[in-house]
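*Asks:* Pasting a structure here, questions to come.
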Amino acid sequence: MEKWKLFAVISMLFAGLTSVIAKFGMKNLSSDVALSIRTTVVFSIVVANAFLLNNAFAEIKQAPKSNLIYLAISGITTSLSWIFYYRAMKEGQVSYVASIDKASIVVTLVLSFIILKEPITPKILIGAGLILLGMVVLIWK
């Protein structure tokens with residue numbers, strides 16, 4: 001198995017655990033407080049990984065400013081996504097919220113075709129269509 005596929009599978013497993021564990025943890029907290037606790041832990045681990053285990057300072061110095069700007073914008077969109085995800089999860093069922101959230105894959109695919117000029121294949125279109133159909137089934141009343 002290619003290394004990136006293994007990393008993606010490991011990511012999927014941890015991502016699957018994340019929402020269920022968070023739902024337990026936010027039982028007596030607001031979604032914003034719960035998210036701030038989670039984000040503090042995430043920040044600490046990510047910073048330790050980047051700065052203690054890798055040479056982050058050197059990489060940052062060498063990176064073009066445009067890269068840093070794009071990463072900052074990505075951080076803003078991630079923050080907004082997490083804020084609304086936690087609010088939805090606090091009020092709704094995790095199974096529904098997570099399924100709808102994962103339909104963001106369709107948005108990612110469309111943008112990857114348009115902006116990144118990645119190839120469109122029948123396999124990707126069928127997969128995206130099934131994801132979109134699954135989301136519609138879940139939110140249909």
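By convention in this document, the chains of the structure tokens carry letters A, B, ... by their order, each chain's residues are numbered from 1, and ligands are numbered from 1 in the order they are shown.
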Write down as a PyMOL selection string the residues belonging to range 2-113 of chain A that are assigned alpha helix (DSSP H) by DSSP computed on the backbone.

*Replies:* chain A and resi 3-25+31-47+56-62+65-91+94-102+104-113

*Asks:* Restricting the calculation to only C-alpha atoms: of A:Gly92, A:Ser81, A:Ser19, A:Leu109, which residue gets closest to Ile126 in chain A?

*Replies:*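 Of all the options, A:Leu109 lies closest to Ile126 in chain A.
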
*Asks:* Go through A:Val107, A:Met89, A:Val9, A:Ile120 one by one, measure the shortest atom-to-atom distance of each to Ser31 in chain A using only C-alpha atoms, and give the residue with the smallest value.

*Replies:*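 Ranked by minimum distance to Ser31 in chain A, first place goes to A:Met89.
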
*Asks:* Find the distance between CA of Ser95 in chain A and CA of Phe24 in chain A and write it in Å to one decimal.

*Replies:*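 Here the two named atoms are 13.6 Å from each other.
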
*Asks:* Which polymer residues have any atom within 12 Å of an atom of Asn28 in chain A, counting only C-alpha atoms, with same-chain residues fewer than 6 positions away left out, as a ChimeraX atom specification?

*Replies:* /A:22,34,90

*Asks:* Limited to N, CA and C atoms, could you put the picked residues into a file as a compact mmCIF listing (two decimals), in the first residue's frame?

*Replies:*
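So result.txt came out as:
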# COMPACT_ATOMS: atom_id res chain seq x y z
N ALA A 22 -16.20 13.31 21.20
CA ALA A 22 -16.53 14.71 21.50
C ALA A 22 -17.96 14.86 22.00
N ALA A 34 -16.53 23.36 24.54
CA ALA A 34 -16.04 22.02 24.17
C ALA A 34 -15.03 22.12 23.02
N LYS A 90 -23.88 19.40 18.94
CA LYS A 90 -24.47 19.62 20.26
C LYS A 90 -25.98 19.43 20.21

*Asks:* So how far away is CA of Ile83 in chain A from CA of Lys27 in chain A, in Å?

*Replies:*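 Result for CA of Lys27 in chain A versus CA of Ile83 in chain A: 16.2 Å, one decimal.
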
*Asks:* Can you tell me, as a list in words, what residues are no more than 12 Å from Phe84 in chain A when counting only C-alpha atoms, ignoring any on the same chain fewer than 6 positions away?

*Replies:*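 After dropping sequence-adjacent residues, the list is Ser31, Asp32, Leu35, Thr77, Thr78, Lys90, Glu91, Gly92, Val97, Ala98 and Asp101 of chain A.
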
*Asks:* Okay, now the selection with N, CA and C atoms, as a PDB file, in the first residue's frame?

*Replies:*
ATOM      1  N   SER A  31     -21.139  24.093  23.096  1.00  0.00           N
ATOM      2  CA  SER A  31     -20.346  23.632  21.959  1.00  0.00           C
ATOM      3  C   SER A  31     -19.073  24.453  21.814  1.00  0.00           C
ATOM      4  N   ASP A  32     -19.148  25.745  22.102  1.00  0.00           N
ATOM      5  CA  ASP A  32     -17.965  26.601  21.961  1.00  0.00           C
ATOM      6  C   ASP A  32     -16.886  26.279  22.988  1.00  0.00           C
ATOM      7  N   LEU A  35     -15.359  22.911  22.025  1.00  0.00           N
ATOM      8  CA  LEU A  35     -14.467  23.073  20.880  1.00  0.00           C
ATOM      9  C   LEU A  35     -13.161  23.749  21.286  1.00  0.00           C
ATOM     10  N   THR A  77     -11.034  28.987   7.551  1.00  0.00           N
ATOM     11  CA  THR A  77     -12.149  28.146   7.096  1.00  0.00           C
ATOM     12  C   THR A  77     -12.298  26.898   7.974  1.00  0.00           C
ATOM     13  N   THR A  78     -11.175  26.347   8.438  1.00  0.00           N
ATOM     14  CA  THR A  78     -11.240  25.205   9.361  1.00  0.00           C
ATOM     15  C   THR A  78     -11.933  25.607  10.654  1.00  0.00           C
ATOM     16  N   LYS A  90     -23.880  19.403  18.938  1.00  0.00           N
ATOM     17  CA  LYS A  90     -24.474  19.617  20.265  1.00  0.00           C
ATOM     18  C   LYS A  90     -25.985  19.430  20.211  1.00  0.00           C
ATOM     19  N   GLU A  91     -26.596  19.886  19.131  1.00  0.00           N
ATOM     20  CA  GLU A  91     -28.053  19.850  19.017  1.00  0.00           C
ATOM     21  C   GLU A  91     -28.592  18.632  18.267  1.00  0.00           C
ATOM     22  N   GLY A  92     -27.771  18.047  17.414  1.00  0.00           N
ATOM     23  CA  GLY A  92     -28.260  16.955  16.569  1.00  0.00           C
ATOM     24  C   GLY A  92     -27.584  15.644  16.864  1.00  0.00           C
ATOM     25  N   VAL A  97     -25.081  14.525  11.620  1.00  0.00           N
ATOM     26  CA  VAL A  97     -24.180  15.676  11.475  1.00  0.00           C
ATOM     27  C   VAL A  97     -22.904  15.265  10.755  1.00  0.00           C
ATOM     28  N   ALA A  98     -22.303  14.162  11.163  1.00  0.00           N
ATOM     29  CA  ALA A  98     -21.055  13.707  10.545  1.00  0.00           C
ATOM     30  C   ALA A  98     -21.271  13.348   9.078  1.00  0.00           C
ATOM     31  N   ASP A 101     -21.653  16.561   7.155  1.00  0.00           N
ATOM     32  CA  ASP A 101     -20.345  17.220   7.118  1.00  0.00           C
ATOM     33  C   ASP A 101     -19.428  16.547   6.099  1.00  0.00           C
TER      34      ASP A 101
END

*Asks:* Using only C-alpha atoms, find the one residue out of A:Met26, A:Val42, A:Ile131, A:Val20 that sits nearest to Ser99 in chain A.

*Replies:*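 Checking each of A:Met26, A:Val42, A:Ile131, A:Val20 against Ser99 in chain A, counting only C-alpha atoms, the winner is A:Ile131.
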
*Asks:* For Lys102 in chain A, find every residue with an atom within 10 Å (counting only C-alpha atoms), except residues of its own chain fewer than 6 positions away, and show them as a ChimeraX atom specification.

*Replies:* /A:96,131-132,135
